[in-house]
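Trainee: This is target09.txt (compact mmCIF, C-alpha atoms).
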# COMPACT_ATOMS: atom_id res chain seq x y z
CA MET U 1 23.15 31.65 65.27
CA SER U 2 20.98 31.63 68.38
CA ALA U 3 22.14 33.62 71.40
CA LEU U 4 21.82 30.58 73.65
CA PRO U 5 24.18 29.75 76.53
CA TRP U 6 27.21 27.60 75.80
CA ARG U 7 26.82 23.88 76.42
CA ASN U 8 30.20 23.85 78.16
CA PRO U 9 31.28 27.40 79.05
CA ALA U 10 34.60 26.31 80.55
CA ARG U 11 35.66 24.56 77.34
CA VAL U 12 34.65 27.54 75.22
CA ALA U 13 36.57 29.89 77.50
CA ALA U 14 39.65 27.66 77.22
CA LEU U 15 39.38 27.63 73.43
CA GLU U 16 38.92 31.40 73.20
CA ALA U 17 41.90 31.95 75.51
CA ALA U 18 44.06 29.66 73.39
CA LEU U 19 42.99 31.43 70.18
CA ALA U 20 43.92 34.77 71.71
CA ALA U 21 47.35 33.50 72.77
CA ARG U 22 48.63 31.67 69.68
CA ILE U 23 47.92 30.09 66.33
CA LEU U 24 46.17 26.79 67.00
CA VAL U 25 46.94 23.66 64.99
CA ILE U 26 44.29 21.32 63.60
CA ASP U 27 45.22 17.72 62.82
CA GLY U 28 45.86 16.25 59.36
CA ALA U 29 44.17 13.78 57.04
CA MET U 30 42.24 10.85 58.48
CA GLY U 31 41.90 9.09 55.12
CA THR U 32 45.62 9.30 54.36
CA MET U 33 46.43 7.62 57.65
CA ILE U 34 43.79 4.92 57.19
CA GLN U 35 45.28 4.09 53.78
CA ARG U 36 48.58 3.28 55.48
CA HIS U 37 46.90 0.29 57.11
CA GLU U 38 46.03 -1.29 53.72
CA LEU U 39 42.73 -2.58 55.05
CA GLU U 40 40.67 -5.22 53.29
CA GLU U 41 36.90 -5.71 53.10
CA ALA U 42 36.91 -7.89 56.24
CA ASP U 43 38.57 -5.10 58.24
CA TYR U 44 35.79 -2.70 57.37
CA ARG U 45 33.03 -5.21 58.07
CA GLY U 46 34.28 -6.56 61.40
CA GLU U 47 31.93 -9.01 63.10
CA ARG U 48 28.81 -6.89 63.14
CA PHE U 49 28.83 -6.31 59.37
CA ALA U 50 30.53 -9.59 58.38
CA GLU U 51 27.70 -10.55 56.04
CA GLY U 52 27.73 -7.15 54.35
CA TYR U 53 24.82 -5.74 56.33
CA ASP U 54 24.24 -4.68 59.94
CA ALA U 55 23.56 -7.79 62.01
CA LEU U 56 22.12 -5.63 64.79
CA PHE U 57 19.58 -3.86 62.63
CA THR U 58 16.61 -5.01 60.63
CA ALA U 59 14.05 -2.85 58.90
CA ASP U 60 10.31 -3.39 58.60
CA GLY U 61 10.33 -6.45 60.88
CA HIS U 62 12.67 -8.40 58.62
CA ALA U 63 14.93 -10.91 60.39
CA HIS U 64 18.28 -11.83 58.91
CA GLY U 65 18.98 -15.53 58.53
CA ALA U 66 20.19 -18.25 56.20
CA GLY U 67 18.84 -17.66 52.73
CA CYS U 68 17.02 -14.46 53.69
CA GLY U 69 17.90 -12.98 50.34
CA CYS U 70 19.72 -9.86 51.57
CA HIS U 71 22.43 -8.72 49.22
CA PRO U 72 25.79 -8.05 50.90
CA GLN U 73 27.03 -4.50 50.43
CA ASP U 74 30.75 -3.83 50.01
CA GLN U 75 32.04 -1.63 52.84
CA ARG U 76 35.68 -1.21 51.82
CA GLY U 77 36.39 2.51 51.67
CA ASN U 78 33.65 3.34 54.18
CA ASN U 79 36.19 4.91 56.52
CA ASP U 80 33.62 6.23 58.97
CA LEU U 81 32.46 2.68 59.69
CA LEU U 82 35.87 1.94 61.19
CA SER U 83 34.81 3.92 64.27
CA LEU U 84 32.66 0.85 65.03
CA THR U 85 34.63 -2.01 63.50
CA ARG U 86 38.24 -0.88 64.06
CA PRO U 87 38.11 1.81 66.76
CA ASP U 88 41.69 0.91 67.65
CA ILE U 89 42.89 2.31 64.32
CA ILE U 90 40.88 5.53 64.61
CA SER U 91 42.01 6.10 68.19
CA SER U 92 45.65 5.53 67.27
CA ILE U 93 45.40 8.10 64.46
CA HIS U 94 43.96 10.66 66.85
CA ARG U 95 46.73 9.93 69.35
CA ASP U 96 49.42 10.26 66.68
CA TYR U 97 48.17 13.70 65.67
CA LEU U 98 47.93 14.81 69.29
CA ALA U 99 51.47 13.57 69.90
CA ALA U 100 52.56 15.64 66.89
CA GLY U 101 51.23 18.73 68.69
CA ALA U 102 47.74 19.21 67.29
CA ASP U 103 45.46 21.35 69.46
CA LEU U 104 42.29 20.17 67.76
CA VAL U 105 41.40 16.80 66.22
CA GLU U 106 38.62 16.18 63.74
CA THR U 107 36.16 13.35 64.21
CA ASN U 108 36.06 10.46 61.75
CA THR U 109 32.61 11.51 60.53
CA PHE U 110 33.19 13.22 57.19
CA ASN U 111 30.65 10.97 55.44
CA SER U 112 28.40 10.22 58.41
CA THR U 113 25.21 11.69 57.00
CA SER U 114 22.28 9.70 55.66
CA VAL U 115 22.99 11.14 52.22
CA SER U 116 26.53 9.76 52.03
CA LEU U 117 25.90 6.56 53.99
CA ALA U 118 23.16 5.62 51.50
CA ASP U 119 25.99 4.49 49.19
CA TYR U 120 26.66 1.70 51.70
CA HIS U 121 23.01 1.05 52.72
CA LEU U 122 23.84 2.17 56.26
CA GLN U 123 21.72 5.30 56.66
CA HIS U 124 20.42 4.04 60.01
CA LEU U 125 23.92 4.43 61.52
CA VAL U 126 24.10 8.22 61.25
CA ARG U 127 23.59 9.09 64.89
CA GLU U 128 25.66 6.16 66.15
CA LEU U 129 28.62 6.86 63.85
CA ASN U 130 28.68 10.53 64.80
CA ARG U 131 28.34 9.77 68.49
CA GLU U 132 31.03 7.07 68.50
CA GLY U 133 33.32 9.08 66.22
CA ALA U 134 33.15 12.02 68.59
CA ALA U 135 33.61 9.77 71.62
CA LEU U 136 36.85 8.31 70.22
CA ALA U 137 38.25 11.78 69.57
CA ARG U 138 37.03 12.94 73.00
CA ALA U 139 38.85 10.10 74.76
CA ALA U 140 42.08 10.78 72.89
CA CYS U 141 41.94 14.50 73.68
CA ASP U 142 41.16 13.86 77.34
CA GLU U 143 44.15 11.52 77.59
CA ALA U 144 46.48 14.09 76.03
CA GLU U 145 45.13 16.90 78.18
CA ALA U 146 45.50 14.80 81.33
CA ARG U 147 49.19 14.37 80.54
CA ASP U 148 49.62 18.11 80.02
CA PRO U 149 46.78 20.14 81.58
CA SER U 150 48.46 23.37 80.45
CA LYS U 151 47.57 22.55 76.83
CA PRO U 152 43.86 21.91 76.32
CA ARG U 153 42.90 19.72 73.35
CA PHE U 154 39.64 20.12 71.51
CA VAL U 155 37.35 17.86 69.48
CA ILE U 156 36.05 19.20 66.18
CA GLY U 157 32.82 17.47 65.24
CA VAL U 158 33.01 17.21 61.44
CA LEU U 159 30.02 17.66 59.15
CA GLY U 160 31.10 16.91 55.59
CA PRO U 161 29.54 18.29 52.39
CA THR U 162 27.60 15.10 51.50
CA SER U 163 27.70 13.55 48.03
CA ARG U 164 24.89 15.78 46.70
CA THR U 165 24.69 19.45 45.79
CA GLY U 166 21.68 21.62 46.47
CA SER U 167 22.56 24.33 43.94
CA LEU U 168 23.50 22.41 40.82
CA SER U 169 21.91 19.81 38.61
CA PRO U 170 23.80 16.52 38.14
CA ASP U 171 22.11 16.19 34.76
CA VAL U 172 23.39 18.54 32.05
CA ASN U 173 20.20 17.95 30.08
CA ARG U 174 18.00 19.09 32.98
CA PRO U 175 19.52 22.24 34.47
CA GLY U 176 16.53 22.77 36.75
CA PHE U 177 16.75 19.32 38.32
CA ARG U 178 18.10 18.91 41.86
CA ALA U 179 19.11 15.56 43.33
CA ILE U 180 18.35 16.76 46.85
CA SER U 181 16.33 19.51 48.51
CA PHE U 182 17.32 22.00 51.21
CA ASP U 183 14.95 20.30 53.67
CA GLU U 184 16.46 16.88 52.99
CA LEU U 185 19.96 18.22 53.54
CA ALA U 186 18.92 19.95 56.74
CA GLU U 187 17.34 16.78 58.13
CA ALA U 188 20.50 14.81 57.36
CA TYR U 189 22.61 17.40 59.16
CA ARG U 190 20.28 17.54 62.19
CA GLU U 191 20.71 13.85 62.85
CA ALA U 192 24.49 14.02 62.48
CA THR U 193 24.73 17.09 64.72
CA HIS U 194 22.85 15.39 67.53
CA GLY U 195 25.30 12.49 67.43
CA LEU U 196 28.38 14.70 67.47
CA ILE U 197 27.12 16.63 70.49
CA GLU U 198 26.20 13.41 72.33
CA GLY U 199 29.70 12.07 71.70
CA GLY U 200 31.39 15.08 73.28
CA ALA U 201 32.45 17.44 70.48
CA ASP U 202 33.73 20.82 71.67
CA VAL U 203 33.00 22.60 68.40
CA LEU U 204 31.29 21.75 65.12
CA MET U 205 32.85 22.27 61.70
CA VAL U 206 30.92 22.46 58.45
CA GLU U 207 33.85 21.64 56.20
CA THR U 208 34.99 21.15 52.62
CA VAL U 209 32.03 23.25 51.49
CA PHE U 210 31.80 23.20 47.70
CA ASP U 211 28.18 24.39 47.59
CA THR U 212 27.16 27.26 49.86
CA LEU U 213 23.53 26.12 49.82
CA ASN U 214 24.64 22.84 51.45
CA ALA U 215 26.47 24.86 54.08
CA LYS U 216 23.39 26.99 54.70
CA ALA U 217 21.36 23.81 55.21
CA ALA U 218 23.96 22.54 57.68
CA LEU U 219 24.01 25.79 59.63
CA PHE U 220 20.20 25.93 59.64
CA ALA U 221 20.11 22.37 61.01
CA ILE U 222 22.77 23.11 63.63
CA ASP U 223 20.75 26.08 64.85
CA ASP U 224 17.65 23.88 65.07
CA VAL U 225 19.54 21.38 67.22
CA PHE U 226 20.89 24.12 69.48
CA GLU U 227 17.37 25.48 69.94
CA ALA U 228 16.07 22.00 70.78
CA LEU U 229 18.82 21.46 73.36
CA GLY U 230 18.74 24.99 74.74
CA LYS U 231 22.54 25.10 74.50
CA ARG U 232 25.06 25.76 71.74
CA LEU U 233 28.61 24.99 70.64
CA PRO U 234 31.01 27.18 68.67
CA VAL U 235 30.79 26.58 64.92
CA LEU U 236 33.55 26.67 62.30
CA VAL U 237 32.99 26.83 58.54
CA SER U 238 35.57 25.81 55.94
CA GLY U 239 35.02 26.02 52.20
CA THR U 240 36.95 24.56 49.31
CA ILE U 241 38.18 26.37 46.22
CA THR U 242 37.88 23.78 43.48
CA ASP U 243 40.22 25.05 40.78
CA ALA U 244 42.39 27.90 39.49
CA SER U 245 39.31 30.10 38.98
CA GLY U 246 39.37 30.78 42.71
CA ARG U 247 35.74 29.82 43.18
CA THR U 248 33.75 27.15 44.95
CA LEU U 249 31.89 24.61 42.82
CA SER U 250 28.74 26.69 43.22
CA GLY U 251 30.56 29.70 41.79
CA GLN U 252 31.51 31.89 44.74
CA THR U 253 34.78 33.66 45.41
CA ALA U 254 36.23 33.48 48.92
CA GLU U 255 34.81 36.93 49.65
CA ALA U 256 31.32 36.02 48.47
CA PHE U 257 31.52 32.78 50.46
CA TRP U 258 32.14 34.76 53.65
CA TYR U 259 29.36 37.26 53.09
CA SER U 260 26.90 34.46 52.32
CA LEU U 261 27.59 32.81 55.67
CA ARG U 262 28.53 35.72 57.92
CA HIS U 263 25.04 35.76 59.44
CA ALA U 264 25.85 32.48 61.23
CA GLN U 265 28.58 34.26 63.21
CA PRO U 266 31.05 31.36 63.01
CA LEU U 267 33.97 31.23 65.40
CA ALA U 268 36.16 30.83 62.30
CA ILE U 269 35.86 30.86 58.52
CA GLY U 270 38.45 29.21 56.33
CA LEU U 271 39.43 27.05 53.41
CA ASN U 272 40.58 23.45 53.13
CA CYS U 273 41.18 20.64 50.63
CA ALA U 274 41.32 20.75 46.81
CA LEU U 275 44.48 22.87 46.61
CA GLY U 276 47.83 23.08 48.34
CA ALA U 277 48.93 25.99 50.51
CA LYS U 278 50.61 27.84 47.64
CA ASP U 279 47.41 27.97 45.61
CA LEU U 280 45.25 28.87 48.61
CA ARG U 281 47.46 31.80 49.66
CA GLN U 282 45.65 34.55 47.73
CA HIS U 283 42.21 33.30 48.81
CA ILE U 284 43.13 33.11 52.48
CA ASP U 285 44.49 36.64 52.12
CA VAL U 286 41.09 37.81 50.84
CA LEU U 287 39.25 36.11 53.72
CA ALA U 288 41.65 37.62 56.24
CA GLN U 289 40.82 41.09 54.93
CA VAL U 290 37.03 40.80 54.88
CA ALA U 291 36.14 38.45 57.74
CA ASP U 292 35.66 39.84 61.22
CA THR U 293 36.20 36.44 62.80
CA HIS U 294 39.05 33.93 63.08
CA ILE U 295 40.64 32.48 59.93
CA SER U 296 41.43 28.80 59.45
CA CYS U 297 43.36 27.01 56.73
CA HIS U 298 44.07 23.32 56.32
CA PRO U 299 45.27 22.70 52.77
CA ASN U 300 46.25 19.52 50.97
CA ALA U 301 49.89 18.48 50.75
CA GLY U 302 50.01 20.01 47.28
CA LEU U 303 48.04 18.86 44.27
CA PRO U 304 47.56 15.12 43.67
CA ASN U 305 50.12 13.49 41.39
CA ALA U 306 49.48 11.03 38.55
CA PHE U 307 49.12 8.20 41.06
CA GLY U 308 46.66 10.04 43.30
CA GLY U 309 49.29 10.73 45.95
CA TYR U 310 50.56 14.01 47.37
CA ASP U 311 54.16 15.14 47.02
CA GLU U 312 54.61 18.08 49.37
CA THR U 313 56.95 17.15 52.19
CA PRO U 314 56.32 18.28 55.76
CA GLU U 315 59.13 20.81 55.32
CA ASP U 316 57.69 22.21 52.09
CA MET U 317 54.23 22.63 53.51
CA ALA U 318 55.42 24.04 56.83
CA SER U 319 57.58 26.61 55.05
CA MET U 320 54.62 27.95 53.08
CA LEU U 321 52.33 28.04 56.09
CA HIS U 322 55.05 29.80 58.08
CA GLU U 323 54.77 32.62 55.53
CA PHE U 324 50.98 32.67 56.00
CA ALA U 325 51.52 33.06 59.74
CA THR U 326 54.17 35.78 59.55
CA SER U 327 51.89 37.70 57.17
CA GLY U 328 49.21 37.78 59.85
CA LEU U 329 46.72 35.56 58.05
CA LEU U 330 46.14 32.68 60.46
CA ASN U 331 44.32 31.79 63.65
CA LEU U 332 43.98 28.06 63.00
CA VAL U 333 46.05 25.93 60.64
CA GLY U 334 46.35 22.26 59.82
CA GLY U 335 46.39 19.77 56.97
CA CYS U 336 43.95 18.04 54.65
CA CYS U 337 44.50 15.33 52.01
CA GLY U 338 47.98 13.84 51.97
CA THR U 339 49.04 15.24 55.31
CA THR U 340 50.35 13.08 58.15
CA PRO U 341 51.51 13.52 61.75
CA GLU U 342 54.90 14.41 60.30
CA HIS U 343 53.32 17.31 58.43
CA ILE U 344 51.47 18.46 61.53
CA ALA U 345 54.62 18.30 63.67
CA ALA U 346 56.43 20.47 61.11
CA ILE U 347 53.53 22.95 61.00
CA VAL U 348 53.49 23.16 64.81
CA GLN U 349 57.15 24.19 64.75
CA ALA U 350 56.61 26.57 61.82
CA VAL U 351 53.95 28.64 63.58
CA ASP U 352 55.33 28.40 67.11
CA GLY U 353 55.82 31.81 68.67
CA ILE U 354 54.11 33.70 65.84
CA ALA U 355 51.27 35.94 66.96
CA PRO U 356 47.81 34.94 65.72
CA ARG U 357 45.98 37.17 63.28
CA GLU U 358 44.14 40.01 64.97
CA ILE U 359 40.44 40.05 64.18
CA PRO U 360 39.74 43.33 62.39
CA ARG U 361 36.98 45.72 63.36
CA LEU U 362 35.49 46.42 59.97
CA GLU U 363 33.70 49.60 59.04
CA GLY U 364 29.95 49.19 59.40
CA ALA U 365 30.25 46.01 61.43
CA ALA U 366 27.83 45.56 64.29
Using the file provided, produce a representation of the structure as structure tokens.

Mentor:
Amino acid sequence: MSALPWRNPARVAALEAALAARILVIDGAMGTMIQRHELEEADYRGERFAEGYDALFTADGHAHGAGCGCHPQDQRGNNDLLSLTRPDIISSIHRDYLAAGADLVETNTFNSTSVSLADYHLQHLVRELNREGAALARAACDEAEARDPSKPRFVIGVLGPTSRTGSLSPDVNRPGFRAISFDELAEAYREATHGLIEGGADVLMVETVFDTLNAKAALFAIDDVFEALGKRLPVLVSGTITDASGRTLSGQTAEAFWYSLRHAQPLAIGLNCALGAKDLRQHIDVLAQVADTHISCHPNAGLPNAFGGYDETPEDMASMLHEFATSGLLNLVGGCCGTTPEHIAAIVQAVDGIAPREIPRLEGAA
């Protein structure tokens, strides 16, 4: 990453001081909490998207009107859109996680890239969704920090993996085919990154990485944005081990994942999603041994059951992550799919008072 000055040196200093003092806690699942509201199509659309398209946007000079022929697009499940249509819900989720003791909250922007938003015909909203998603998290963190200035709260601007993979073909009959190029991924990430920074993110996280080439495109784009702005933010990277083989979808072990991305000098490297804490234990151990930076882990609440739910209780999950902490593996910890404020509150208690992992000085490191 570029050796540019920090965009907000005081915030970076506060984050680095907190990381040196204790294990920091990231919030839990946004999607799990949204599901509790049992929202319908109308909730996702709100007034602006009531007809299934954006009433404030027209392309190529087209004007919406009676009988214009536009086909409504279902928006149910487009959780990121709720930052515009139901910001009250998103803000309340952030506040619940902060009340549970989270030090960092993730923006509601996991799918806010042009690649993923294309599924809903809303690619033009990328910058707005990232900006507004970050602004909601920023406001919630500022409120919590104002109540207790001794405990700073930080906004993680989330850049998800997109719905495409740069390394693999989606067509088994055409192994050389790629549904997206590196340049297309990078452009999608540039736009999203600009929005997150405008909205007030403290750090950026390239998360749930299943394809390292996608992550490289994201990091390349982030660096481009930093260069354009003349300032930078700390960057976190979190991959996902997809099955019992212990590899990402693009075939890398945790160790290979780190060495492929070490050049970006992330503030932290870690793993999230796909597996529960028990199954991530050995892979986090590997990362903790090879990475000369902070380690993060925010696993699922176990593996999904037959109904698509998650069965690990807050106590179960906290107990396992307590062992991670006492083994000296963690600098940041939180929850992914299936986790709730109750899980985060239990994790906060489980790691309280345990020293954070010391960053090793590895032989041959610069």

Trainee: Which residues are close to region 252-255 of chain U, i.e. within 7 Å by all atoms listed in the file, leaving aside same-chain residues fewer than 6 positions away? Reply as number ranges by chain.

Mentor: U: 246, 283, 286-287, 290

Trainee: Could you name the residues that touch Leu332 (chain U) at 9 Å or less, counting all atoms listed in the file, but leaving out those on the same chain fewer than 5 positions away, as a PyMOL selection string?

Mentor: chain U and resi 19+22-26+268+270+294-298+356

Trainee: Can those selected residues be exported to a file as a PDB file, in the frame of the given file so that it contains C-alpha atoms?

Mentor:
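Result file selection-v6.pdb:
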ATOM      1  CA  LEU U  19      42.990  31.430  70.180  1.00  0.00           C
ATOM      2  CA  ARG U  22      48.630  31.670  69.680  1.00  0.00           C
ATOM      3  CA  ILE U  23      47.920  30.090  66.330  1.00  0.00           C
ATOM      4  CA  LEU U  24      46.170  26.790  67.000  1.00  0.00           C
ATOM      5  CA  VAL U  25      46.940  23.660  64.990  1.00  0.00           C
ATOM      6  CA  ILE U  26      44.290  21.320  63.600  1.00  0.00           C
ATOM      7  CA  ALA U 268      36.160  30.830  62.300  1.00  0.00           C
ATOM      8  CA  GLY U 270      38.450  29.210  56.330  1.00  0.00           C
ATOM      9  CA  HIS U 294      39.050  33.930  63.080  1.00  0.00           C
ATOM     10  CA  ILE U 295      40.640  32.480  59.930  1.00  0.00           C
ATOM     11  CA  SER U 296      41.430  28.800  59.450  1.00  0.00           C
ATOM     12  CA  CYS U 297      43.360  27.010  56.730  1.00  0.00           C
ATOM     13  CA  HIS U 298      44.070  23.320  56.320  1.00  0.00           C
ATOM     14  CA  PRO U 356      47.810  34.940  65.720  1.00  0.00           C
TER      15      PRO U 356
END

Trainee: If we count all atoms listed in the file and set the cut-off at 8 Å, which residues sit around Glu315 (chain U), ignoring sequence neighbours fewer than 4 positions away in its own chain? Please answer as a list in words.

Mentor: Ser319, His343 and Ala346 of chain U

Trainee: Quick one: of U:Gly176, U:Leu267, U:Leu330, U:Ala102, who's nearest to Lys151 (chain U), counting all atoms listed in the file?

Mentor: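 Smallest separation from Lys151 (chain U) among the options: U:Ala102.
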
Trainee: Do a neighbour search on Gly46 (chain U) at 12 Å with only C-alpha atoms, toss out local chain neighbours closer than 2 positions, and write the hits as a count of residues only.

Mentor: 23

Trainee: Select, from U:Ile269, U:Leu168, U:Leu129, U:Leu249, the residue with the minimum atom-to-atom distance to Gly199 (chain U), counting all atoms listed in the file.

Mentor: U:Leu129

Trainee: For a quick check of understanding, using only C-alpha atoms, which of U:Cys337, U:Leu219, U:Leu185, U:Ala135 has the smallest distance to Ser167 (chain U)?

Mentor: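 With only C-alpha atoms as the atom set, the closest residue is U:Leu185.
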
Trainee: Tell me, in Å to one decimal, how far CA of Glu227 (chain U) is from CA of Asn331 (chain U).

Mentor: 28.4 Å

Trainee: Might you pull out every residue within 12 Å of Asp148 (chain U), with all atoms listed in the file counted and same-chain residues fewer than 4 positions away left off, and present them as a VMD selection string?

Mentor: chain U and resid 98 to 99 101 103 141 to 144 152 to 153

Trainee: Kindly give the distance, in Å, that separates CA of Ala186 (chain U) and CA of Phe220 (chain U), rounded to a single decimal.

Mentor: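 Pair CA of Ala186 (chain U) / CA of Phe220 (chain U) returns 6.8 Å.
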
Trainee: For a quick check of understanding, using only C-alpha atoms, which of U:Ala137, U:Leu261, U:Ala306, U:Val105 has the smallest distance to Asp27 (chain U)?

Mentor: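 Of U:Ala137, U:Leu261, U:Ala306, U:Val105, the one nearest Asp27 (chain U), counting only C-alpha atoms, is U:Val105.
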
Trainee: Identify which of the residues U:Asn130, U:Thr165, U:Ser181, U:Thr58 lies closest to Glu198 (chain U), counting all atoms listed in the file when measuring atom-to-atom distances.

Mentor: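 Closest candidate: U:Asn130.
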
Trainee: Which residues, protein or nucleic acid, reach to within 10 Å of (24.2, 14.2, 67.7) in the file's coordinates when using all atoms listed in the file, and can you give that as a PDB file with C-alpha atoms, in the coordinates of the input?

Mentor:
ATOM      1  CA  VAL U 126      24.100   8.220  61.250  1.00  0.00           C
ATOM      2  CA  ARG U 127      23.590   9.090  64.890  1.00  0.00           C
ATOM      3  CA  GLU U 128      25.660   6.160  66.150  1.00  0.00           C
ATOM      4  CA  LEU U 129      28.620   6.860  63.850  1.00  0.00           C
ATOM      5  CA  ASN U 130      28.680  10.530  64.800  1.00  0.00           C
ATOM      6  CA  ARG U 131      28.340   9.770  68.490  1.00  0.00           C
ATOM      7  CA  GLU U 132      31.030   7.070  68.500  1.00  0.00           C
ATOM      8  CA  ALA U 134      33.150  12.020  68.590  1.00  0.00           C
ATOM      9  CA  GLY U 157      32.820  17.470  65.240  1.00  0.00           C
ATOM     10  CA  TYR U 189      22.610  17.400  59.160  1.00  0.00           C
ATOM     11  CA  ARG U 190      20.280  17.540  62.190  1.00  0.00           C
ATOM     12  CA  GLU U 191      20.710  13.850  62.850  1.00  0.00           C
ATOM     13  CA  ALA U 192      24.490  14.020  62.480  1.00  0.00           C
ATOM     14  CA  THR U 193      24.730  17.090  64.720  1.00  0.00           C
ATOM     15  CA  HIS U 194      22.850  15.390  67.530  1.00  0.00           C
ATOM     16  CA  GLY U 195      25.300  12.490  67.430  1.00  0.00           C
ATOM     17  CA  LEU U 196      28.380  14.700  67.470  1.00  0.00           C
ATOM     18  CA  ILE U 197      27.120  16.630  70.490  1.00  0.00           C
ATOM     19  CA  GLU U 198      26.200  13.410  72.330  1.00  0.00           C
ATOM     20  CA  GLY U 199      29.700  12.070  71.700  1.00  0.00           C
ATOM     21  CA  GLY U 200      31.390  15.080  73.280  1.00  0.00           C
ATOM     22  CA  ALA U 201      32.450  17.440  70.480  1.00  0.00           C
ATOM     23  CA  ILE U 222      22.770  23.110  63.630  1.00  0.00           C
ATOM     24  CA  VAL U 225      19.540  21.380  67.220  1.00  0.00           C
TER      25      VAL U 225
END

Trainee: Name the closest residue to Gly276 (chain U) among the candidates U:Ala288, U:Cys336, U:Pro234, U:Gly328; distances are taken between atoms, counting only C-alpha atoms.

Mentor: U:Cys336

Trainee: May I ask for the distance between CA of Met205 (chain U) and CA of Val158 (chain U), given in Å to one decimal place?

Mentor: 5.1 Å
